[in-house]
file input02.txt (compact mmCIF, N, CA and C atoms)
# COMPACT_ATOMS: atom_id res chain seq x y z
N MET A 6 -11.16 22.44 -42.65
CA MET A 6 -12.17 22.41 -43.69
C MET A 6 -11.80 23.42 -44.77
N ALA A 7 -11.72 22.96 -46.00
CA ALA A 7 -11.42 23.86 -47.11
C ALA A 7 -12.70 24.57 -47.55
N TYR A 8 -12.58 25.86 -47.84
CA TYR A 8 -13.71 26.66 -48.30
C TYR A 8 -13.86 26.62 -49.82
N ALA A 9 -13.03 25.82 -50.49
CA ALA A 9 -13.08 25.72 -51.95
C ALA A 9 -12.65 24.33 -52.37
N THR A 10 -13.13 23.92 -53.51
CA THR A 10 -12.78 22.62 -54.08
C THR A 10 -11.85 22.82 -55.28
N ARG A 11 -11.34 21.71 -55.82
CA ARG A 11 -10.52 21.81 -57.03
C ARG A 11 -11.31 22.38 -58.19
N THR A 12 -12.59 22.07 -58.25
CA THR A 12 -13.44 22.65 -59.29
C THR A 12 -13.52 24.16 -59.12
N ASP A 13 -13.70 24.62 -57.88
CA ASP A 13 -13.71 26.06 -57.61
C ASP A 13 -12.39 26.70 -58.01
N LEU A 14 -11.29 25.98 -57.76
CA LEU A 14 -9.97 26.50 -58.10
C LEU A 14 -9.85 26.77 -59.59
N THR A 15 -10.40 25.90 -60.42
CA THR A 15 -10.33 26.13 -61.86
C THR A 15 -11.34 27.18 -62.32
N THR A 16 -12.36 27.44 -61.51
CA THR A 16 -13.33 28.47 -61.85
C THR A 16 -12.85 29.85 -61.40
N HIS A 17 -12.28 29.92 -60.21
CA HIS A 17 -11.94 31.23 -59.61
C HIS A 17 -10.44 31.47 -59.45
N GLY A 18 -9.60 30.50 -59.75
CA GLY A 18 -8.18 30.66 -59.49
C GLY A 18 -7.32 30.56 -60.73
N LEU A 19 -7.15 29.35 -61.21
CA LEU A 19 -6.32 29.08 -62.38
C LEU A 19 -7.09 28.21 -63.36
N SER A 20 -6.77 28.34 -64.62
CA SER A 20 -7.44 27.51 -65.63
C SER A 20 -6.99 26.06 -65.48
N SER A 21 -7.79 25.17 -66.01
CA SER A 21 -7.44 23.74 -65.99
C SER A 21 -6.10 23.50 -66.66
N ALA A 22 -5.85 24.21 -67.74
CA ALA A 22 -4.58 24.05 -68.45
C ALA A 22 -3.40 24.50 -67.60
N ALA A 23 -3.59 25.55 -66.81
CA ALA A 23 -2.50 26.07 -65.98
C ALA A 23 -2.15 25.14 -64.83
N ILE A 24 -3.13 24.39 -64.33
CA ILE A 24 -2.84 23.51 -63.20
C ILE A 24 -2.80 22.04 -63.59
N GLY A 25 -2.86 21.77 -64.88
CA GLY A 25 -2.87 20.39 -65.35
C GLY A 25 -1.68 19.58 -64.90
N SER A 26 -0.52 20.21 -64.77
CA SER A 26 0.69 19.48 -64.37
C SER A 26 0.88 19.46 -62.85
N ILE A 27 -0.02 20.09 -62.11
CA ILE A 27 0.08 20.12 -60.65
C ILE A 27 -0.80 19.01 -60.09
N SER A 28 -0.24 18.21 -59.21
CA SER A 28 -0.98 17.06 -58.67
C SER A 28 -2.21 17.51 -57.90
N THR A 29 -3.20 16.64 -57.87
CA THR A 29 -4.41 16.95 -57.11
C THR A 29 -4.09 17.06 -55.62
N THR A 30 -3.10 16.31 -55.17
CA THR A 30 -2.68 16.40 -53.76
C THR A 30 -2.15 17.80 -53.46
N ALA A 31 -1.35 18.34 -54.37
CA ALA A 31 -0.81 19.69 -54.18
C ALA A 31 -1.92 20.74 -54.24
N GLN A 32 -2.89 20.53 -55.14
CA GLN A 32 -4.02 21.47 -55.24
C GLN A 32 -4.84 21.46 -53.95
N ASP A 33 -5.13 20.26 -53.45
CA ASP A 33 -5.89 20.15 -52.20
C ASP A 33 -5.13 20.77 -51.04
N ALA A 34 -3.82 20.55 -50.99
CA ALA A 34 -3.00 21.13 -49.92
C ALA A 34 -3.02 22.65 -49.98
N ALA A 35 -2.95 23.21 -51.19
CA ALA A 35 -2.98 24.67 -51.34
C ALA A 35 -4.33 25.23 -50.91
N LEU A 36 -5.41 24.54 -51.25
CA LEU A 36 -6.75 24.99 -50.84
C LEU A 36 -6.92 24.90 -49.33
N ASP A 37 -6.40 23.83 -48.72
CA ASP A 37 -6.46 23.70 -47.26
C ASP A 37 -5.65 24.80 -46.58
N ALA A 38 -4.46 25.06 -47.08
CA ALA A 38 -3.60 26.09 -46.50
C ALA A 38 -4.24 27.47 -46.65
N ALA A 39 -4.80 27.75 -47.81
CA ALA A 39 -5.45 29.05 -48.03
C ALA A 39 -6.68 29.19 -47.13
N SER A 40 -7.38 28.10 -46.89
CA SER A 40 -8.54 28.14 -45.99
C SER A 40 -8.10 28.41 -44.56
N ARG A 41 -6.96 27.85 -44.15
CA ARG A 41 -6.44 28.14 -42.81
C ARG A 41 -6.02 29.60 -42.69
N VAL A 42 -5.46 30.15 -43.76
CA VAL A 42 -5.13 31.58 -43.76
C VAL A 42 -6.41 32.39 -43.58
N ALA A 43 -7.44 32.04 -44.33
CA ALA A 43 -8.73 32.74 -44.21
C ALA A 43 -9.25 32.65 -42.78
N ASP A 44 -9.20 31.46 -42.19
CA ASP A 44 -9.65 31.29 -40.81
C ASP A 44 -8.87 32.17 -39.84
N SER A 45 -7.61 32.38 -40.10
CA SER A 45 -6.80 33.20 -39.20
C SER A 45 -7.32 34.64 -39.15
N TYR A 46 -7.93 35.10 -40.22
CA TYR A 46 -8.56 36.42 -40.24
C TYR A 46 -10.00 36.35 -39.72
N LEU A 47 -10.73 35.35 -40.15
CA LEU A 47 -12.16 35.26 -39.85
C LEU A 47 -12.43 35.05 -38.37
N ARG A 48 -11.54 34.36 -37.67
CA ARG A 48 -11.82 34.05 -36.26
C ARG A 48 -11.86 35.29 -35.39
N ALA A 49 -11.43 36.43 -35.90
CA ALA A 49 -11.56 37.67 -35.14
C ALA A 49 -13.03 38.07 -35.00
N ARG A 50 -13.89 37.58 -35.92
CA ARG A 50 -15.32 37.95 -35.89
C ARG A 50 -16.28 36.78 -35.89
N TYR A 51 -15.84 35.63 -36.34
CA TYR A 51 -16.74 34.50 -36.51
C TYR A 51 -16.15 33.25 -35.86
N ALA A 52 -17.04 32.34 -35.47
CA ALA A 52 -16.58 31.01 -35.06
C ALA A 52 -16.15 30.28 -36.33
N THR A 53 -14.98 29.69 -36.30
CA THR A 53 -14.47 29.00 -37.48
C THR A 53 -14.45 27.50 -37.23
N PRO A 54 -14.59 26.71 -38.28
CA PRO A 54 -14.83 27.13 -39.66
C PRO A 54 -16.26 27.66 -39.81
N VAL A 55 -16.39 28.67 -40.65
CA VAL A 55 -17.70 29.26 -40.87
C VAL A 55 -18.54 28.31 -41.72
N THR A 56 -19.86 28.45 -41.60
CA THR A 56 -20.77 27.62 -42.39
C THR A 56 -21.68 28.53 -43.19
N GLY A 57 -22.22 28.02 -44.25
CA GLY A 57 -23.16 28.79 -45.05
C GLY A 57 -22.54 30.01 -45.70
N TYR A 58 -21.27 29.94 -46.05
CA TYR A 58 -20.56 31.07 -46.65
C TYR A 58 -20.89 31.20 -48.13
N GLY A 59 -20.59 32.35 -48.69
CA GLY A 59 -20.88 32.62 -50.09
C GLY A 59 -19.65 32.49 -50.98
N VAL A 60 -19.84 32.85 -52.22
CA VAL A 60 -18.78 32.73 -53.22
C VAL A 60 -17.64 33.72 -52.94
N ASP A 61 -17.90 34.78 -52.17
CA ASP A 61 -16.83 35.73 -51.86
C ASP A 61 -15.68 35.06 -51.13
N LEU A 62 -15.99 34.21 -50.16
CA LEU A 62 -14.94 33.50 -49.42
C LEU A 62 -14.27 32.46 -50.31
N THR A 63 -15.04 31.77 -51.11
CA THR A 63 -14.49 30.77 -52.02
C THR A 63 -13.51 31.41 -52.99
N ARG A 64 -13.89 32.56 -53.54
CA ARG A 64 -13.00 33.27 -54.48
C ARG A 64 -11.71 33.71 -53.80
N ALA A 65 -11.80 34.21 -52.59
CA ALA A 65 -10.61 34.66 -51.86
C ALA A 65 -9.66 33.48 -51.63
N VAL A 66 -10.21 32.36 -51.19
CA VAL A 66 -9.39 31.17 -50.94
C VAL A 66 -8.75 30.69 -52.24
N CYS A 67 -9.49 30.68 -53.32
CA CYS A 67 -8.94 30.26 -54.62
C CYS A 67 -7.84 31.20 -55.09
N SER A 68 -7.99 32.49 -54.88
CA SER A 68 -6.96 33.44 -55.29
C SER A 68 -5.66 33.22 -54.51
N ILE A 69 -5.79 32.97 -53.23
CA ILE A 69 -4.61 32.72 -52.40
C ILE A 69 -3.96 31.39 -52.79
N ALA A 70 -4.77 30.36 -52.96
CA ALA A 70 -4.25 29.04 -53.34
C ALA A 70 -3.59 29.08 -54.72
N ALA A 71 -4.20 29.79 -55.66
CA ALA A 71 -3.64 29.89 -57.01
C ALA A 71 -2.26 30.52 -56.97
N TRP A 72 -2.12 31.59 -56.19
CA TRP A 72 -0.82 32.24 -56.08
C TRP A 72 0.20 31.32 -55.42
N ASP A 73 -0.21 30.58 -54.39
CA ASP A 73 0.69 29.63 -53.74
C ASP A 73 1.16 28.57 -54.74
N LEU A 74 0.24 28.03 -55.52
CA LEU A 74 0.61 27.02 -56.50
C LEU A 74 1.53 27.60 -57.57
N LEU A 75 1.26 28.80 -57.99
CA LEU A 75 2.09 29.46 -58.99
C LEU A 75 3.48 29.73 -58.43
N SER A 76 3.56 30.09 -57.17
CA SER A 76 4.85 30.39 -56.54
C SER A 76 5.75 29.16 -56.49
N VAL A 77 5.15 27.98 -56.36
CA VAL A 77 5.93 26.74 -56.36
C VAL A 77 6.61 26.58 -57.71
N ARG A 78 5.89 26.93 -58.76
CA ARG A 78 6.45 26.86 -60.11
C ARG A 78 7.57 27.88 -60.28
N GLY A 79 7.43 29.01 -59.63
CA GLY A 79 8.41 30.07 -59.74
C GLY A 79 7.78 31.30 -60.36
N TYR A 80 7.89 32.42 -59.65
CA TYR A 80 7.32 33.68 -60.11
C TYR A 80 8.16 34.23 -61.25
N ASP A 81 7.50 34.62 -62.32
CA ASP A 81 8.18 35.20 -63.47
C ASP A 81 7.52 36.54 -63.78
N PRO A 82 8.17 37.67 -63.40
CA PRO A 82 7.55 38.97 -63.62
C PRO A 82 7.33 39.31 -65.09
N GLN A 83 7.95 38.55 -65.99
CA GLN A 83 7.76 38.79 -67.42
C GLN A 83 6.42 38.26 -67.91
N ARG A 84 5.78 37.41 -67.13
CA ARG A 84 4.47 36.87 -67.51
C ARG A 84 3.40 37.76 -66.91
N GLY A 85 2.56 38.33 -67.73
CA GLY A 85 1.51 39.21 -67.25
C GLY A 85 0.53 38.52 -66.32
N GLY A 86 0.23 37.24 -66.59
CA GLY A 86 -0.69 36.50 -65.75
C GLY A 86 -0.18 36.31 -64.34
N ASP A 87 1.15 36.14 -64.21
CA ASP A 87 1.73 35.97 -62.88
C ASP A 87 1.43 37.20 -62.01
N GLU A 88 1.63 38.35 -62.57
CA GLU A 88 1.41 39.59 -61.82
C GLU A 88 -0.07 39.75 -61.47
N ALA A 89 -0.94 39.40 -62.39
CA ALA A 89 -2.38 39.48 -62.13
C ALA A 89 -2.78 38.55 -60.99
N LEU A 90 -2.23 37.35 -60.97
CA LEU A 90 -2.54 36.40 -59.89
C LEU A 90 -2.00 36.89 -58.55
N ARG A 91 -0.82 37.47 -58.57
CA ARG A 91 -0.25 38.02 -57.33
C ARG A 91 -1.14 39.13 -56.79
N LEU A 92 -1.59 40.01 -57.66
CA LEU A 92 -2.47 41.10 -57.24
C LEU A 92 -3.81 40.58 -56.73
N ARG A 93 -4.34 39.55 -57.36
CA ARG A 93 -5.61 38.96 -56.88
C ARG A 93 -5.43 38.36 -55.49
N ALA A 94 -4.30 37.71 -55.24
CA ALA A 94 -4.04 37.14 -53.91
C ALA A 94 -3.91 38.26 -52.88
N GLU A 95 -3.23 39.32 -53.24
CA GLU A 95 -3.10 40.47 -52.32
C GLU A 95 -4.46 41.10 -52.05
N ASP A 96 -5.29 41.22 -53.08
CA ASP A 96 -6.64 41.75 -52.90
C ASP A 96 -7.46 40.85 -51.97
N ALA A 97 -7.31 39.54 -52.12
CA ALA A 97 -8.04 38.60 -51.26
C ALA A 97 -7.61 38.77 -49.80
N LEU A 98 -6.33 38.91 -49.57
CA LEU A 98 -5.83 39.10 -48.20
C LEU A 98 -6.31 40.44 -47.63
N ARG A 99 -6.33 41.46 -48.46
CA ARG A 99 -6.82 42.77 -48.01
C ARG A 99 -8.30 42.68 -47.65
N TRP A 100 -9.08 41.97 -48.46
CA TRP A 100 -10.50 41.78 -48.17
C TRP A 100 -10.68 41.02 -46.86
N LEU A 101 -9.88 39.97 -46.65
CA LEU A 101 -9.97 39.22 -45.39
C LEU A 101 -9.64 40.10 -44.19
N ARG A 102 -8.66 40.99 -44.35
CA ARG A 102 -8.35 41.95 -43.27
C ARG A 102 -9.55 42.85 -43.02
N ASP A 103 -10.21 43.29 -44.08
CA ASP A 103 -11.40 44.14 -43.92
C ASP A 103 -12.53 43.39 -43.24
N VAL A 104 -12.71 42.12 -43.57
CA VAL A 104 -13.73 41.31 -42.89
C VAL A 104 -13.37 41.19 -41.41
N SER A 105 -12.11 40.94 -41.14
CA SER A 105 -11.65 40.78 -39.76
C SER A 105 -11.90 42.04 -38.93
N SER A 106 -11.73 43.20 -39.55
CA SER A 106 -11.88 44.46 -38.82
C SER A 106 -13.31 45.00 -38.84
N GLY A 107 -14.20 44.35 -39.58
CA GLY A 107 -15.59 44.78 -39.63
C GLY A 107 -15.90 45.75 -40.75
N LYS A 108 -14.93 46.05 -41.60
CA LYS A 108 -15.17 46.95 -42.74
C LYS A 108 -15.91 46.25 -43.88
N ALA A 109 -15.80 44.93 -43.93
CA ALA A 109 -16.49 44.12 -44.94
C ALA A 109 -17.14 42.95 -44.21
N HIS A 110 -18.07 42.31 -44.88
CA HIS A 110 -18.82 41.22 -44.27
C HIS A 110 -18.88 40.04 -45.22
N LEU A 111 -18.94 38.84 -44.66
CA LEU A 111 -19.09 37.64 -45.46
C LEU A 111 -20.53 37.53 -45.95
N ALA A 112 -20.69 37.15 -47.20
CA ALA A 112 -22.02 36.91 -47.74
C ALA A 112 -22.46 35.51 -47.36
N GLY A 113 -23.73 35.38 -46.99
CA GLY A 113 -24.33 34.08 -46.77
C GLY A 113 -23.90 33.32 -45.54
N ILE A 114 -23.22 33.97 -44.61
CA ILE A 114 -22.72 33.25 -43.44
C ILE A 114 -23.85 32.88 -42.49
N THR A 115 -23.76 31.70 -41.92
CA THR A 115 -24.69 31.25 -40.91
C THR A 115 -24.02 31.45 -39.56
N GLU A 116 -24.65 32.22 -38.69
CA GLU A 116 -24.07 32.47 -37.37
C GLU A 116 -24.03 31.18 -36.56
N SER A 117 -23.01 31.03 -35.74
CA SER A 117 -22.95 29.87 -34.85
C SER A 117 -23.92 30.07 -33.70
N GLU A 118 -24.26 28.99 -32.99
CA GLU A 118 -25.20 29.10 -31.89
C GLU A 118 -24.71 30.05 -30.81
N SER A 119 -23.42 30.09 -30.57
CA SER A 119 -22.90 30.94 -29.51
C SER A 119 -23.04 32.43 -29.84
N GLU A 120 -23.29 32.72 -31.11
CA GLU A 120 -23.43 34.12 -31.51
C GLU A 120 -24.88 34.51 -31.79
N SER A 121 -25.83 33.63 -31.48
CA SER A 121 -27.21 33.95 -31.78
C SER A 121 -27.86 34.70 -30.62
N TRP A 122 -28.86 35.51 -30.92
CA TRP A 122 -29.51 36.35 -29.93
C TRP A 122 -30.41 35.63 -28.94
N PRO A 123 -31.14 34.58 -29.31
CA PRO A 123 -32.11 34.00 -28.38
C PRO A 123 -31.54 33.64 -27.01
N GLU A 124 -30.29 33.20 -26.94
CA GLU A 124 -29.75 32.84 -25.64
C GLU A 124 -29.52 34.05 -24.74
N TYR A 125 -29.49 35.24 -25.31
CA TYR A 125 -29.26 36.44 -24.52
C TYR A 125 -30.56 37.10 -24.08
N LEU A 126 -31.66 36.73 -24.70
CA LEU A 126 -32.93 37.35 -24.40
C LEU A 126 -33.58 36.70 -23.19
N GLY A 127 -34.17 37.50 -22.38
CA GLY A 127 -34.86 36.98 -21.20
C GLY A 127 -35.07 38.10 -20.21
N ALA A 128 -36.01 37.90 -19.32
CA ALA A 128 -36.31 38.90 -18.31
C ALA A 128 -35.59 38.55 -17.02
N VAL A 129 -35.07 39.58 -16.36
CA VAL A 129 -34.40 39.40 -15.09
C VAL A 129 -35.03 40.39 -14.11
N SER A 130 -35.36 39.89 -12.93
CA SER A 130 -35.98 40.73 -11.93
C SER A 130 -35.46 40.33 -10.56
N ASP A 131 -35.28 41.31 -9.67
CA ASP A 131 -34.80 41.02 -8.31
C ASP A 131 -35.85 40.41 -7.43
N GLU A 132 -37.12 40.75 -7.63
CA GLU A 132 -38.18 40.22 -6.80
C GLU A 132 -39.27 39.59 -7.62
N SER A 133 -39.92 38.60 -7.09
CA SER A 133 -41.02 37.93 -7.78
C SER A 133 -42.23 38.85 -7.75
N ARG A 134 -42.92 38.96 -8.87
CA ARG A 134 -44.09 39.84 -8.95
C ARG A 134 -45.38 39.03 -8.97
N GLY A 135 -45.26 37.70 -8.86
CA GLY A 135 -46.44 36.86 -8.79
C GLY A 135 -47.17 36.67 -10.11
N TRP A 136 -46.55 36.90 -11.20
CA TRP A 136 -47.22 36.75 -12.49
C TRP A 136 -47.25 35.34 -12.89
call {"tool": "encode", "arguments": {"input": "input02.txt", "output": "structure tokens"}}
result
Amino acid sequence: MAYATRTDLTTHGLSSAAIGSISTTAQDAALDAASRVADSYLRARYATPVTGYGVDLTRAVCSIAAWDLLSVRGYDPQRGGDEALRLRAEDALRWLRDVSSGKAHLAGITESESESWPEYLGAVSDESRGW
């Protein structure tokens, strides 16, 4: 499951003009791959794929996917935008590491049933008290 769409990619990753020559298939593949990278960090704390996530996860996935798409074109250190995109992808990966270690948290996440408290609550007693 991808945590971002092609529309999100143009909002949080690359401009429409920058990805205009990249096929939608390649864009979708980059978003899927970036989402799998995110899951590799998130599964340390959450059941994946996560549900009810916020824009923080979408932005991270878009930053990683944008850098992957740019890398296919070829990294050019003379272009200032290339370096900015590389740094954004590195920041996204650093944030995912922080989420994985508990230093940061996902906004808007819905806990899975296996992580909810009600199943753990209950009274346990060795003898019946007749109540």
call {"tool": "residues_around", "arguments": {"input": "input02.txt", "residues": "stretch 100-117 of chain A", "least_positions_apart": "2", "cutoff": "6.5 Å", "atoms": "all atoms listed in the file", "output": "list of chain:residue names"}}
result
A:Tyr46, A:Leu47, A:Ala49, A:Arg50, A:Ala52, A:Val55, A:Thr56, A:Gly57, A:Tyr58, A:Gly59, A:Val60, A:Asp61, A:Leu62, A:Glu95, A:Asp96, A:Ala97, A:Leu98, A:Ser119, A:Glu120, A:Ser121
call {"tool": "atom_distance", "arguments": {"input": "input02.txt", "atom1": "atom C of A:Thr30", "atom2": "atom C of A:Arg48"}}
result
27.0 Å
call {"tool": "atom_distance", "arguments": {"input": "input02.txt", "atom1": "atom CA of A:Val77", "atom2": "atom CA of A:Asp13"}}
result
19.7 Å
call {"tool": "atom_distance", "arguments": {"input": "input02.txt", "atom1": "atom CA of A:Arg11", "atom2": "atom CA of A:Asp73"}}
result
14.1 Å
call {"tool": "residues_around", "arguments": {"input": "input02.txt", "residues": "A:Leu90", "least_positions_apart": "3", "cutoff": "9 Å", "atoms": "only C-alpha atoms", "output": "list in words"}}
result
Gly18, Leu19, Ser68, Ile69, Ala71, Trp72, Leu75, Gly85, Gly86, Asp87, Arg93, Ala94 and Glu95 of chain A
call {"tool": "decode", "arguments": {"input": "input02.txt", "residues": "stretch 17-65 of chain A", "atoms": "C-alpha atoms", "output": "tab-separated table (two decimals), in the first residue's frame"}}
result
chain	number	residue	atom	x	y	z
A	17	HIS	CA	5.30	17.34	-1.57
A	18	GLY	CA	8.01	15.96	-3.86
A	19	LEU	CA	8.56	17.35	-7.34
A	20	SER	CA	6.72	19.89	-9.43
A	21	SER	CA	4.50	18.73	-12.26
A	22	ALA	CA	6.98	20.21	-14.72
A	23	ALA	CA	9.86	18.25	-13.17
A	24	ILE	CA	8.10	14.91	-13.47
A	25	GLY	CA	6.22	15.57	-16.69
A	26	SER	CA	8.57	13.36	-18.70
A	27	ILE	CA	8.47	10.53	-16.14
A	28	SER	CA	5.83	7.88	-16.81
A	29	THR	CA	2.99	7.43	-14.35
A	30	THR	CA	4.09	3.80	-14.02
A	31	ALA	CA	7.54	4.93	-12.86
A	32	GLN	CA	5.98	7.46	-10.46
A	33	ASP	CA	3.70	4.80	-8.95
A	34	ALA	CA	6.63	2.38	-8.66
A	35	ALA	CA	8.72	5.01	-6.85
A	36	LEU	CA	5.87	5.76	-4.44
A	37	ASP	CA	5.35	2.03	-3.77
A	38	ALA	CA	9.08	1.50	-3.19
A	39	ALA	CA	9.31	4.52	-0.88
A	40	SER	CA	6.29	3.25	1.06
A	41	ARG	CA	8.01	-0.13	1.51
A	42	VAL	CA	11.09	1.69	2.80
A	43	ALA	CA	8.86	3.55	5.26
A	44	ASP	CA	7.27	0.26	6.36
A	45	SER	CA	10.71	-1.20	7.02
A	46	TYR	CA	11.18	1.47	9.70
A	47	LEU	CA	7.59	1.68	10.93
A	48	ARG	CA	7.17	-2.03	11.63
A	49	ALA	CA	9.52	-1.66	14.59
A	50	ARG	CA	6.64	0.16	16.37
A	51	TYR	CA	3.46	-0.26	14.37
A	52	ALA	CA	1.54	-2.94	12.52
A	53	THR	CA	2.05	-2.21	8.84
A	54	PRO	CA	0.64	-0.93	6.65
A	55	VAL	CA	-0.42	1.78	9.06
A	56	THR	CA	-3.88	3.32	8.75
A	57	GLY	CA	-5.14	6.78	9.54
A	58	TYR	CA	-1.70	8.35	9.03
A	59	GLY	CA	-1.06	12.06	8.63
A	60	VAL	CA	0.68	14.25	6.11
A	61	ASP	CA	4.03	13.70	7.88
A	62	LEU	CA	4.26	10.16	6.51
A	63	THR	CA	3.00	11.23	3.08
A	64	ARG	CA	5.67	13.95	2.90
A	65	ALA	CA	8.43	11.53	3.90
